[in-house]
Amino acid sequence: MFAVRLKQITKRFAQTLANDAVDINIRQETIHAIIGENGAGKTTIMEILYGFYQADAGEIELFGEKKEIANPQDAIDNGIGMVHQHFMLIPPMTVTENIILGLEPISRSGILQLVQAEERIRTLSDEYGLEIDPQAKVEDLSVGLQQRVEILKALYRDAEILILDEPTAVLTPLEVKEFFQILRRLKSQGKTIVIITHKLEEVLEISDDVTVMRNGKKVGELPTKDASANILANMMVGREVLFSLSKNDVTPGNTTLKVENLSVTVNDKPRLKNVSFELKEGEILGIAGVEGNGQTELVEILTGLLKLDTGTVWYLGEDITNLSARKIREKRIAHIPADRKAHGFLSTYTNAENQILGFHYREPFCRPNGFLNFPNIRENAKNLLKKFDVRPPLPDLQTGTLSGGNQQKLIVAREFSRHPRLLIIAQPTRGIDIGAIEFIHQQILDLRTEKVAVLLISAELEEIRSLSDRTLVMFEGEIAGEVSAATFDMEKVGMMMTGHR
Amino acid sequence: MWEILDLELIASGLRLSTPLILAALGGMFSERAGVVNIALDGIMIFGAFTGAVVAYETANPWYGLLAAMALGGLVAHIHGIASIRYQADQVVSGTAINLLAIGVPAVLSNALYNSTTVTPNIQLMLPIIHIPIISSIPILGTLLGKYSILVFFAFAMVPLSWFVIQKTSFGLRLRAVGENPEAAETAGINVYLMRYYAVWISGLLAGLGGAFLSIAHGSSYVNNISAGRGFIALAALIFGRYTPKLTLVGCMIFGIADAFQIRVQGVIPIPVQFIQMFPYVLTMIVLAGLMGRAHVPAADGIPYAQAK
Amino acid sequence: MVLKKLEVLILPLVSVFAAGLVGAILIFAVGENPLAVYWIFFKSSIFSINGIGYTLFYATPLIFTGLSVAFGFRCGLFNIGAEGQLYIAAMAVAITGIWMDGWSAWVVIPVCFVVSFVGGGIWGGIPGLLKAKFGGHEVINTIMMNMIAFALVNYLVVGPFHRKGTQILETEFIPEAARIPRIHELIPFIPKTLPLNMGFAIALLACLATYLILWKTRWGYEIRAVGISNSVSTYAGISVNKNMVLAMFIAGGFAGMVAISEVMGYRYTFHDSFSGGVGFIGIAVALLGRNHPVGVILAALLFGALIRGSLFLDLNFDNLSKDLVMVLQGIIVLFVATDKLFKKILSVFRIG
């Protein structure tokens with residue numbers, strides 16, 4: 001018996017065909033994985049199932065019956081729940097308020113009946129082992145717990161089919177284990193689960209069936225027991241994928257960066273506590289950890305965006321503590337930010353203008369009289385866009401119109417072009433496709449060969465493992481442990497990330 | 001000069017905080033739902049003008065009151081169409097309303113009464129309520145004894161607004177669309193409709209606040225009748241961290257400051273123009289001291305494109 | 001594709017046209033004939049040299065205030081305080097001129113230019129500073145600064161600087177040396193009564209300067225960057241606070257330059273409530289002109305024509321006054337803000 005059958009679903013957004021006649025069959029009481037690269041159309045098709053979008057063509061069948069799903073309410077009424085990648089939660093409200101939203105139990109006089117709702121939520125939470133306090137404020141919960149609130153939200157609405165979009169992206173390895181247990185419990189109690197993901201190991205571990213998508217089309221659907229990481233990866237990308245990068249042997253040179261006892265408090269919360277480390281020329285130092293454990297603050301301090309409370313930052317033997325962002329940039333410290341839209345480029349500036357961001361005020365881009373030197377700016381852009389394979393390589397195009405991967409390559413081009421001695425690079429490959437990931441990884445390794453010191457901050461352990469010479473693990477603002485490339489062990493690093501040493 | 005710091009000052013301050021309370025509570029509904037309402041001042045002017053005209057033409061202040069609310073709602077609806085349906089910049093759209101509030105009353109009052117700046121005095125003002133026993137007690141009598149019915153209404157609206165926002169499903173949904181409209185929409189809530197409700201309420205209340213000026217506190221519409229009160233109400237709302245109780249405190253501070261500035265004129269040897277600046281300077285100081293500490297509704301001012 | 005480019009021109013025109021329609025309803029409602037009213041606007045503003053001259057004359061302060069608002073917008077700030085800024089600057093220029101009686105024009109005029117810019121600049125810079133330092137809402141603060149400015153100049157013109165022997169609320173006249181020439185002094189066949197003065201040329205120069213600063217220099221690069229994204233600017237080592245204060249100072253400065261055409265070129269005195277709301281109309285000018293100097297000039301000409309025409313409304317129509325201009329510009333701002341509506345309508349044509 002199929003819980004869901006999607007037949008010939010087609011969806012077009014302006015110029016792009018997001019889904020092209022896609023069929024997906026999801027068996028009842030199974031865990032079904034949908035995998036594919038960014039932009040493969042896997043989220044779109046699930047949002048069609050959830051009523052967020054309408055398919056241009058195709059049919060939806062639930063438990064053998066044809067259904068029209070015009071909006072999320074229809075989906076909810078048909079027993080479908082969805083947990084989005086970005087949680088649909090309202091942080092300043094309580095768990096209960098979040099869960100009952102849109103389905104509020106009210107007395108005859110219109111007053112909210114919170115007590116009854118809390119009772120029901122507590123029962124549900126116990127039933128599935130979710131351990132959620134209905135009275136807690138969502139903003140006080142960890143990301144892992146917030147995800148459970150999302151699951152509770154669906155269960156509260158009697159969901160039989162649960163769609164989870166990239167559910168493990170925000171979890172630590174330990175949390176992923178617990179999360180998988182919850183999924184198995186849900187399955188054993190009769191729920192059907194769909195997870196959208198790009199992590200192959202997880203697909204192999206948790207799912208019963210897997211659908212692979214590429215460029216809006218379904219390229220395969222098979223029982224997980226017949227799949228392997230290689231098979232799936234080749235289907236996803238459409239060509240052979242190299243799982244390991246070629247890393248030269250580089251002997252680290254002199255110390256480039258040395259930080260001592262960095263401590264900072266933001267909004268009355270201590271974010272960094274006595275962080276000390278060294279980074280040498282030609283070395284890639286990885287910073288692993290669940291997001292929100294002080295990595296952001298560390299990067300901001302090193303790049304001049306946040307002032308330290310105590311501690312010292314040494315760079316090439318010089319004290320650069322609390323210098324301004326501009327001064328730091330002038331010392332050839334490059335910064336590729338984690339959130340490229342929020343920090344990396346101006347969406348309505350042209351590619352040429354964005355290529356000089358941060359260097360716009362000096363030669364060769366600015367004349368001494370303050371006027372910009374447009375011939376140089378265009379020439380610079382033309383060269384970099386070509387060298388870093390930004391598509392389309394047009395200097396006058398607004399950067400906001402590029403794809404995520406090309407925007408990231410544009411930022412990489414800019415930051416690399418000023419010959420950095422130290423590169424601080426955060427989440428370099430978030431939300432971009434495999435081709436761009438390979439390109440950027442190779443660029444980072446090339447810099448290492450050129451004896452540049454690299455500080456790599458990433459939430460993707462796989463990325464850190466494959467690139468770093470050494471890795472520091474951060475937990476609650478402290479260095480919880482250090483491992484070398486030779487002794488890197490996923491299990492051990494995962495433990496450190498949650499504070500277990 | 002100290003003789004002016006008496007109970008009458010407080011009483012007069014309470015009267016003058018009334019239009020602020022009405023407008024600020026209106027602003028609160030709108031902003032908690034995610035729609036910045038910089039148009040409060042313009043809506044108050046429209047309310048004051050309509051109230052005065054209808055009260056005069058019908059010789060009945062109650063009709064004036066109703067008309068002011070209705071027009072306030074209508075003007076707010078225009079702001080709503082622009083900023084909700086067509087996702088206009090909410091500050092720009094609100095400014096358009098404020099600009100209209102400079103021109104439209106002038107054109108209409110010129111057409112009706114041959115004066116671009118004033119309307120005729122109304123025959124009857126809204127009733128003053130004397131609380132029977134209290135008004136005869138010495139101190140309490142001065143403090144609480146006799147106010148326009150709108151004063152009592154405004155103060156009663158404070159706990160009522162709190163109740164609606166915190167304890168009803170309407171309030172929960174209103175807050176939800178102001179914090180995270182996408183989450184609200186996925187929960188099956190009609191974001192646009194909730195925002196329209198909120199903007200309508202803000203129009204009704206701000207219109208009422210305007211009518212207070214022309215048919216309860218004064219007895220006609222005069223040019224620039226709001227004197228920036230809509231903006232001061234916004235400042236009080238920010239001071240009040242978008243909650244009814246603290247917003248009331250903010251409004252009372254500004255109301256009493258206004259009463260003080262009126263009563264101090266001629267009493268102390270400072271030119272009257274400088275005394276008149278007092279509430280405006282106070283507003284700027286309060287705003288400078290308070291920003292960043294309040295939780296601003298996360299989606300406030302951000303247009304939302306609803307799927308449907 | 002061509003239509004896409006034309007959109008920059010078409011959308012404002014459609015907004016104006018739609019505003020005209022809504023305005024017509026209002027005119028009809030007060031019992032007048034909209035066509036007759038709009039005919040007066042046309043006839044009086046562009047059908048004679050005199051009419052054109054007056055249109056340019058009324059457009060001059062609007063170019064300054066339009067630039068002021070546009071400059072703020074480019075840095076992401078909404079300057080509703082142009083009205084207050086221009087009053088402060090006008091008073092400052094009048095006082096400076098009076099004080100500098102006896103000095104050479106070669107000194108007085110440049111000094112007065114600087115005073116007009118700095119006077120308005122300070123009045124605009126204060127809300128900029130409050131925004132940068134404390135996050136104080138610039139919209140509310142510029143309005144409050146307007147109120148304070150009105151009270152302050154009223155005190156000065158009623159009290160210490162009131163011209164003796166007159167009931168009119170005006171200061172003493174500024175000396176000849178502080179006055180800039182009228183156009184008819186330079187071009188022979190222009191009617192002598194026309195108050196159009198060199199302020200217009202200076203307004204055009206201000207537009208050119210704005211264009212160069214915003215799009216051709218590092219400072220403009222930074223100001224516009226801050227206007228697009230505070231967080232990206234911070235990342236790039238661009239000081240958000242410094243640029244906000246700078247942008248509001250320059251915005252206030254442009255508003256203050258209204259004093260050049262109105263005090264130094266036309267009235268030769270500070271006259272209470274001389275502005276007639278040009279600071280507010282500047283909002284409509286900037287928005288309609290898409291915050292671009294060329295657009296500002298075009299929009300200012302349109303509103304200049306409207307103001308010129310509005311002066312004939314009281315004479316020709318019992319039920320209309322010049323306040324109609326305020327109404328029209330309010331509607332235009334509303335329509336410019338809702339350009340999504342018109343884009344939707346236009347897109348129907350595009351497909352067909």
# chains A, B, ... in the order shown; residues from 1 in each chain; ligands from 1

$ residues_around --residues "Ser68 of chain C" --least-positions-apart "5" --cutoff "9 Å" --atoms "only C-alpha atoms" --output "PyMOL selection string"
chain C and resi 63+73+79+82+248+250-256+279+282-283+286

$ select_by_dssp --residues "segment 81-148 of chain B" --states "helix (DSSP H, G or I)" --output "CSV table (one decimal) with all heavy atoms, in the first residue's frame"
chain,number,residue,atom,x,y,z
B,81,ILE,N,-4.0,48.2,1.8
B,81,ILE,CA,-3.9,47.8,0.4
B,81,ILE,C,-2.5,47.9,-0.1
B,81,ILE,O,-1.9,47.0,-0.7
B,81,ILE,CB,-4.9,48.5,-0.5
B,81,ILE,CG1,-6.4,48.2,-0.1
B,81,ILE,CG2,-4.7,48.2,-1.9
B,81,ILE,CD1,-7.4,49.0,-0.8
B,82,ALA,N,-2.0,49.1,0.1
B,82,ALA,CA,-0.7,49.4,-0.4
B,82,ALA,C,0.4,48.5,0.2
B,82,ALA,O,1.2,47.9,-0.5
B,82,ALA,CB,-0.3,50.9,-0.2
B,83,SER,N,0.4,48.4,1.5
B,83,SER,CA,1.5,47.8,2.2
B,83,SER,C,1.3,46.3,2.4
B,83,SER,O,2.3,45.5,2.6
B,83,SER,CB,1.8,48.4,3.5
B,83,SER,OG,0.7,48.5,4.3
B,84,ILE,N,0.1,45.8,2.4
B,84,ILE,CA,-0.1,44.4,2.5
B,84,ILE,C,-0.3,43.7,1.1
B,84,ILE,O,0.5,42.9,0.7
B,84,ILE,CB,-1.4,44.1,3.4
B,84,ILE,CG1,-1.2,44.7,4.8
B,84,ILE,CG2,-1.6,42.6,3.5
B,84,ILE,CD1,-2.5,44.7,5.6
B,85,ARG,N,-1.3,44.1,0.4
B,85,ARG,CA,-1.6,43.5,-0.9
B,85,ARG,C,-0.5,43.8,-1.9
B,85,ARG,O,0.0,42.9,-2.6
B,85,ARG,CB,-2.9,44.1,-1.4
B,85,ARG,CG,-3.3,43.7,-2.8
B,85,ARG,CD,-4.1,42.4,-2.8
B,85,ARG,NE,-4.8,42.2,-4.0
B,85,ARG,CZ,-4.2,41.7,-5.1
B,85,ARG,NH1,-2.9,41.4,-5.1
B,85,ARG,NH2,-4.9,41.5,-6.2
B,90,GLN,N,6.4,50.2,3.7
B,90,GLN,CA,5.3,50.7,4.6
B,90,GLN,C,5.5,52.1,5.1
B,90,GLN,O,4.5,52.8,5.4
B,90,GLN,CB,5.2,49.7,5.8
B,90,GLN,CG,4.8,48.3,5.3
B,90,GLN,CD,4.9,47.2,6.3
B,90,GLN,OE1,5.2,47.5,7.5
B,90,GLN,NE2,4.7,46.0,6.0
B,91,VAL,N,6.8,52.5,5.2
B,91,VAL,CA,7.0,53.9,5.7
B,91,VAL,C,6.6,54.9,4.6
B,91,VAL,O,6.0,55.9,4.9
B,91,VAL,CB,8.5,54.0,6.1
B,91,VAL,CG1,8.8,55.5,6.5
B,91,VAL,CG2,8.8,53.1,7.3
B,92,VAL,N,6.9,54.5,3.4
B,92,VAL,CA,6.5,55.4,2.3
B,92,VAL,C,5.0,55.5,2.1
B,92,VAL,O,4.5,56.6,2.0
B,92,VAL,CB,7.2,54.9,0.9
B,92,VAL,CG1,6.7,55.7,-0.2
B,92,VAL,CG2,8.7,54.9,1.0
B,93,SER,N,4.4,54.3,2.2
B,93,SER,CA,2.9,54.3,2.1
B,93,SER,C,2.3,55.1,3.2
B,93,SER,O,1.4,55.9,3.0
B,93,SER,CB,2.4,52.9,2.1
B,93,SER,OG,1.1,52.8,2.6
B,94,GLY,N,2.8,55.0,4.4
B,94,GLY,CA,2.3,55.7,5.5
B,94,GLY,C,2.5,57.2,5.3
B,94,GLY,O,1.7,58.1,5.7
B,95,THR,N,3.7,57.6,4.8
B,95,THR,CA,4.0,59.0,4.5
B,95,THR,C,3.0,59.6,3.5
B,95,THR,O,2.6,60.7,3.6
B,95,THR,CB,5.4,59.1,4.0
B,95,THR,OG1,6.3,58.6,5.0
B,95,THR,CG2,5.8,60.6,3.8
B,96,ALA,N,2.6,58.7,2.5
B,96,ALA,CA,1.7,59.2,1.5
B,96,ALA,C,0.4,59.6,2.2
B,96,ALA,O,-0.2,60.7,2.0
B,96,ALA,CB,1.4,58.1,0.5
B,97,ILE,N,-0.1,58.8,3.2
B,97,ILE,CA,-1.3,59.1,4.0
B,97,ILE,C,-1.1,60.4,4.7
B,97,ILE,O,-2.0,61.3,4.7
B,97,ILE,CB,-1.6,57.9,5.0
B,97,ILE,CG1,-1.7,56.6,4.2
B,97,ILE,CG2,-2.8,58.3,5.8
B,97,ILE,CD1,-3.0,56.4,3.5
B,98,ASN,N,0.1,60.6,5.3
B,98,ASN,CA,0.3,61.8,6.1
B,98,ASN,C,0.3,63.0,5.2
B,98,ASN,O,-0.2,64.1,5.6
B,98,ASN,CB,1.7,61.7,6.8
B,98,ASN,CG,1.6,60.7,7.9
B,98,ASN,OD1,0.6,60.5,8.5
B,98,ASN,ND2,2.8,60.1,8.3
B,99,LEU,N,0.8,62.9,3.9
B,99,LEU,CA,0.8,64.0,3.0
B,99,LEU,C,-0.7,64.3,2.6
B,99,LEU,O,-1.1,65.4,2.5
B,99,LEU,CB,1.6,63.7,1.7
B,99,LEU,CG,3.1,63.5,2.0
B,99,LEU,CD1,3.8,63.1,0.7
B,99,LEU,CD2,3.7,64.9,2.4
B,100,LEU,N,-1.4,63.2,2.4
B,100,LEU,CA,-2.9,63.4,2.0
B,100,LEU,C,-3.6,64.2,3.2
B,100,LEU,O,-4.5,65.0,2.9
B,100,LEU,CB,-3.5,62.1,1.7
B,100,LEU,CG,-3.2,61.4,0.4
B,100,LEU,CD1,-3.8,60.0,0.3
B,100,LEU,CD2,-3.7,62.3,-0.7
B,101,ALA,N,-3.2,63.9,4.4
B,101,ALA,CA,-3.8,64.5,5.5
B,101,ALA,C,-3.5,66.0,5.6
B,101,ALA,O,-4.2,66.7,6.3
B,101,ALA,CB,-3.4,63.8,6.8
B,102,ILE,N,-2.4,66.4,4.9
B,102,ILE,CA,-2.2,67.9,4.9
B,102,ILE,C,-3.2,68.5,3.9
B,102,ILE,O,-3.7,69.6,4.1
B,102,ILE,CB,-0.7,68.2,4.5
B,102,ILE,CG1,0.3,67.5,5.4
B,102,ILE,CG2,-0.5,69.7,4.4
B,102,ILE,CD1,1.7,67.7,5.0
B,103,GLY,N,-3.3,67.8,2.7
B,103,GLY,CA,-4.1,68.4,1.6
B,103,GLY,C,-5.6,68.2,1.7
B,103,GLY,O,-6.3,69.2,1.5
B,104,VAL,N,-6.0,67.0,1.9
B,104,VAL,CA,-7.4,66.7,1.7
B,104,VAL,C,-8.4,67.5,2.7
B,104,VAL,O,-9.3,68.1,2.2
B,104,VAL,CB,-7.7,65.2,1.9
B,104,VAL,CG1,-9.2,64.9,1.8
B,104,VAL,CG2,-7.0,64.4,0.7
B,105,PRO,N,-8.1,67.6,4.0
B,105,PRO,CA,-9.0,68.4,4.8
B,105,PRO,C,-9.0,69.8,4.4
B,105,PRO,O,-10.1,70.5,4.4
B,105,PRO,CB,-8.3,68.2,6.2
B,105,PRO,CG,-7.5,67.0,6.2
B,105,PRO,CD,-7.0,66.9,4.8
B,106,ALA,N,-7.9,70.4,3.9
B,106,ALA,CA,-7.8,71.8,3.5
B,106,ALA,C,-8.7,72.0,2.3
B,106,ALA,O,-9.6,72.9,2.3
B,106,ALA,CB,-6.4,72.2,3.2
B,107,VAL,N,-8.6,71.1,1.3
B,107,VAL,CA,-9.5,71.2,0.1
B,107,VAL,C,-10.9,71.1,0.5
B,107,VAL,O,-11.8,71.9,0.0
B,107,VAL,CB,-9.0,70.1,-0.9
B,107,VAL,CG1,-10.1,70.0,-2.0
B,107,VAL,CG2,-7.7,70.5,-1.5
B,108,LEU,N,-11.2,70.1,1.3
B,108,LEU,CA,-12.7,69.8,1.6
B,108,LEU,C,-13.2,71.0,2.5
B,108,LEU,O,-14.4,71.4,2.2
B,108,LEU,CB,-12.8,68.5,2.3
B,108,LEU,CG,-12.5,67.3,1.4
B,108,LEU,CD1,-12.7,66.0,2.2
B,108,LEU,CD2,-13.5,67.3,0.2
B,109,SER,N,-12.5,71.4,3.4
B,109,SER,CA,-13.1,72.4,4.3
B,109,SER,C,-13.2,73.8,3.5
B,109,SER,O,-14.1,74.6,3.8
B,109,SER,CB,-12.3,72.6,5.6
B,109,SER,OG,-11.2,73.5,5.5
B,110,ASN,N,-12.3,73.9,2.6
B,110,ASN,CA,-12.5,75.1,1.7
B,110,ASN,C,-13.8,75.0,0.9
B,110,ASN,O,-14.5,76.0,0.8
B,110,ASN,CB,-11.3,75.2,0.8
B,110,ASN,CG,-11.3,76.4,-0.2
B,110,ASN,OD1,-11.6,77.5,0.3
B,110,ASN,ND2,-11.2,76.2,-1.4
B,111,ALA,N,-14.0,73.8,0.4
B,111,ALA,CA,-15.2,73.6,-0.4
B,111,ALA,C,-16.5,73.7,0.4
B,111,ALA,O,-17.5,74.3,0.0
B,111,ALA,CB,-15.2,72.2,-1.1
B,112,LEU,N,-16.4,73.2,1.7
B,112,LEU,CA,-17.6,73.2,2.5
B,112,LEU,C,-17.8,74.5,3.2
B,112,LEU,O,-18.9,75.0,3.3
B,112,LEU,CB,-17.4,72.1,3.6
B,112,LEU,CG,-17.5,70.7,3.1
B,112,LEU,CD1,-17.1,69.7,4.2
B,112,LEU,CD2,-18.9,70.4,2.7
B,113,TYR,N,-16.7,75.1,3.8
B,113,TYR,CA,-16.9,76.3,4.7
B,113,TYR,C,-16.1,77.5,4.3
B,113,TYR,O,-15.9,78.4,5.1
B,113,TYR,CB,-16.5,75.9,6.1
B,113,TYR,CG,-17.2,74.6,6.6
B,113,TYR,CD1,-16.5,73.5,6.9
B,113,TYR,CD2,-18.6,74.6,6.7
B,113,TYR,CE1,-17.1,72.3,7.3
B,113,TYR,CE2,-19.2,73.4,7.1
B,113,TYR,CZ,-18.5,72.3,7.4
B,113,TYR,OH,-19.1,71.1,7.8
B,134,ILE,N,-17.2,60.2,43.7
B,134,ILE,CA,-15.8,60.5,43.7
B,134,ILE,C,-15.6,62.0,43.4
B,134,ILE,O,-14.7,62.7,44.0
B,134,ILE,CB,-15.1,59.6,42.7
B,134,ILE,CG1,-15.0,58.2,43.2
B,134,ILE,CG2,-13.6,60.1,42.4
B,134,ILE,CD1,-14.4,57.2,42.2
B,135,SER,N,-16.4,62.5,42.5
B,135,SER,CA,-16.2,63.9,42.1
B,135,SER,C,-16.4,64.9,43.2
B,135,SER,O,-16.0,66.1,43.1
B,135,SER,CB,-17.1,64.3,40.9
B,135,SER,OG,-18.4,64.0,41.2
B,136,SER,N,-17.0,64.5,44.3
B,136,SER,CA,-17.2,65.4,45.4
B,136,SER,C,-16.1,65.2,46.5
B,136,SER,O,-15.9,66.0,47.4
B,136,SER,CB,-18.5,65.2,46.1
B,136,SER,OG,-18.7,63.9,46.5
B,138,PRO,N,-12.4,65.7,47.8
B,138,PRO,CA,-11.4,66.7,47.4
B,138,PRO,C,-10.4,66.3,46.4
B,138,PRO,O,-10.4,66.7,45.2
B,138,PRO,CB,-10.8,67.1,48.7
B,138,PRO,CG,-11.8,66.7,49.8
B,138,PRO,CD,-12.6,65.6,49.2
B,139,ILE,N,-9.4,65.5,46.8
B,139,ILE,CA,-8.3,65.2,45.9
B,139,ILE,C,-8.7,64.3,44.8
B,139,ILE,O,-8.5,64.6,43.6
B,139,ILE,CB,-7.1,64.5,46.7
B,139,ILE,CG1,-6.6,65.5,47.7
B,139,ILE,CG2,-6.0,64.0,45.8
B,139,ILE,CD1,-5.5,65.0,48.6
B,140,LEU,N,-9.4,63.2,45.1
B,140,LEU,CA,-9.8,62.2,44.1
B,140,LEU,C,-10.7,62.9,43.1
B,140,LEU,O,-10.7,62.6,41.9
B,140,LEU,CB,-10.5,61.0,44.7
B,140,LEU,CG,-9.6,59.8,45.1
B,140,LEU,CD1,-10.5,58.7,45.7
B,140,LEU,CD2,-8.9,59.3,43.9
B,141,GLY,N,-11.5,63.8,43.6
B,141,GLY,CA,-12.4,64.5,42.7
B,141,GLY,C,-11.7,65.2,41.6
B,141,GLY,O,-12.1,65.2,40.4
B,142,THR,N,-10.7,65.9,41.9
B,142,THR,CA,-9.9,66.7,40.9
B,142,THR,C,-9.2,65.7,40.0
B,142,THR,O,-9.2,65.9,38.8
B,142,THR,CB,-8.7,67.5,41.6
B,142,THR,OG1,-9.2,67.9,42.9
B,142,THR,CG2,-8.3,68.6,40.7
B,143,LEU,N,-8.8,64.6,40.6
B,143,LEU,CA,-8.0,63.6,39.8
B,143,LEU,C,-8.9,62.8,38.9
B,143,LEU,O,-8.5,62.5,37.7
B,143,LEU,CB,-7.2,62.7,40.8
B,143,LEU,CG,-5.9,62.2,40.3
B,143,LEU,CD1,-5.0,63.3,39.8
B,143,LEU,CD2,-5.2,61.4,41.4
B,144,LEU,N,-10.0,62.3,39.4
B,144,LEU,CA,-10.8,61.4,38.6
B,144,LEU,C,-12.2,61.9,38.3
B,144,LEU,O,-13.0,61.2,37.6
B,144,LEU,CB,-10.9,60.0,39.4
B,144,LEU,CG,-9.6,59.3,39.6
B,144,LEU,CD1,-9.9,58.1,40.5
B,144,LEU,CD2,-9.1,58.8,38.3

$ residues_around --residues "Leu130 of chain C" --least-positions-apart "4" --cutoff "10 Å" --atoms "only C-alpha atoms" --output "list in words"
Met284, Ile285, Leu287, Ala288 and Gly289 of chain B; Gly125, Ile126, Phe134, Gly135, Gly136, His137, Glu138, Asn141, Asn241, Met244 and Val245 of chain C

$ closest_atom_pairs --of "segment 262-343 of chain C" --to "segment 215-228 of chain C" --cutoff "12 Å" --atoms "only C-alpha atoms" --output "tab-separated table"
residue	atom	partner	partner_atom	distance
C:Asn291	CA	C:Arg224	CA	11.5
C:His292	CA	C:Trp215	CA	10.4
C:Pro293	CA	C:Trp215	CA	11.0

$ interface_residues --of "chain C" --to "chain B" --cutoff "9 Å" --atoms "only C-alpha atoms" --output "PyMOL selection string"
chain C and resi 26+30-31+78+80+127+130-131+133-137+139-141+143-145+147-152+154-155+280-281+283-284+287+318-341

$ closest_residue --among "C:Leu129, C:Leu67, C:Ile168, C:Ala177" --to "Ser104 of chain C" --atoms "only C-alpha atoms"
C:Ala177

$ interface_residues --of "chain B" --to "chain A" --cutoff "7 Å" --atoms "only C-alpha atoms" --output "list in words"
Lys167, Thr168, Ser169, Arg173, Ala176, Glu179, Asn180, Glu182, Ala183, Thr186, Ala187, Gly188 and Ile189 of chain B

$ write_last_selection --atoms "C-alpha atoms" --output "PDB file, in the first residue's frame"
ATOM      1  CA  LYS B 167      -5.390  35.556  25.733  1.00  0.00           C
ATOM      2  CA  THR B 168      -7.398  35.048  22.574  1.00  0.00           C
ATOM      3  CA  SER B 169      -6.748  33.047  19.444  1.00  0.00           C
ATOM      4  CA  ARG B 173      -2.564  34.745  15.307  1.00  0.00           C
ATOM      5  CA  ALA B 176       2.253  35.123  14.815  1.00  0.00           C
ATOM      6  CA  GLU B 179       6.771  37.558  14.112  1.00  0.00           C
ATOM      7  CA  ASN B 180       6.940  35.007  11.335  1.00  0.00           C
ATOM      8  CA  GLU B 182       5.650  32.281   6.779  1.00  0.00           C
ATOM      9  CA  ALA B 183       5.217  30.111   9.858  1.00  0.00           C
ATOM     10  CA  THR B 186       2.101  27.161   6.968  1.00  0.00           C
ATOM     11  CA  ALA B 187      -0.128  26.819  10.037  1.00  0.00           C
ATOM     12  CA  GLY B 188      -3.049  27.656   7.783  1.00  0.00           C
ATOM     13  CA  ILE B 189      -3.509  31.281   8.818  1.00  0.00           C
TER      14      ILE B 189
END

$ closest_atom_pairs --of "chain A" --to "chain C" --cutoff "9 Å" --atoms "only C-alpha atoms" --output "Markdown table"
| residue | atom | partner | partner_atom | distance |
| --- | --- | --- | --- | --- |
| A:Glu300 | CA | C:Tyr235 | CA | 9.0 |
| A:Thr303 | CA | C:Tyr235 | CA | 8.3 |
| A:Gly304 | CA | C:Gly237 | CA | 8.4 |
| A:Leu305 | CA | C:Tyr235 | CA | 7.0 |
| A:Ser324 | CA | C:Gly237 | CA | 7.2 |
| A:Ala325 | CA | C:Gly237 | CA | 4.8 |
| A:Arg326 | CA | C:Gly237 | CA | 4.5 |
| A:Lys327 | CA | C:Gly237 | CA | 8.2 |
| A:Ile328 | CA | C:Gly237 | CA | 8.9 |
| A:Arg329 | CA | C:Gly237 | CA | 7.9 |
| A:His335 | CA | C:Tyr235 | CA | 8.7 |
| A:Pro337 | CA | C:Tyr235 | CA | 8.3 |
| A:Arg340 | CA | C:Val232 | CA | 8.7 |
| A:Lys341 | CA | C:Val232 | CA | 8.0 |
| A:Ala342 | CA | C:Val232 | CA | 6.0 |
| A:His343 | CA | C:Val232 | CA | 4.0 |
| A:Gly344 | CA | C:Val232 | CA | 6.0 |
| A:Phe345 | CA | C:Val232 | CA | 6.3 |
| A:Leu346 | CA | C:Ile228 | CA | 6.7 |
| A:Ser347 | CA | C:Ile228 | CA | 7.9 |
| A:Thr348 | CA | C:Ile228 | CA | 7.6 |
| A:Tyr349 | CA | C:Ala225 | CA | 8.3 |
| A:Glu353 | CA | C:Tyr221 | CA | 8.7 |
| A:Leu357 | CA | C:Ala236 | CA | 6.1 |
| A:Gly358 | CA | C:Ala236 | CA | 4.4 |
| A:Phe359 | CA | C:Ala236 | CA | 8.2 |
| A:His360 | CA | C:Arg218 | CA | 6.5 |
| A:Tyr361 | CA | C:Arg218 | CA | 5.5 |
| A:Arg362 | CA | C:Arg218 | CA | 8.7 |
| A:Cys366 | CA | C:Arg218 | CA | 6.8 |
| A:Arg367 | CA | C:Thr217 | CA | 8.9 |
| A:Asn369 | CA | C:Thr217 | CA | 8.7 |
| A:Gly370 | CA | C:Thr217 | CA | 5.5 |
| A:Phe371 | CA | C:Thr217 | CA | 4.1 |
| A:Leu372 | CA | C:Thr217 | CA | 5.1 |
| A:Asn373 | CA | C:Lys216 | CA | 8.5 |
| A:Phe374 | CA | C:Lys216 | CA | 8.5 |
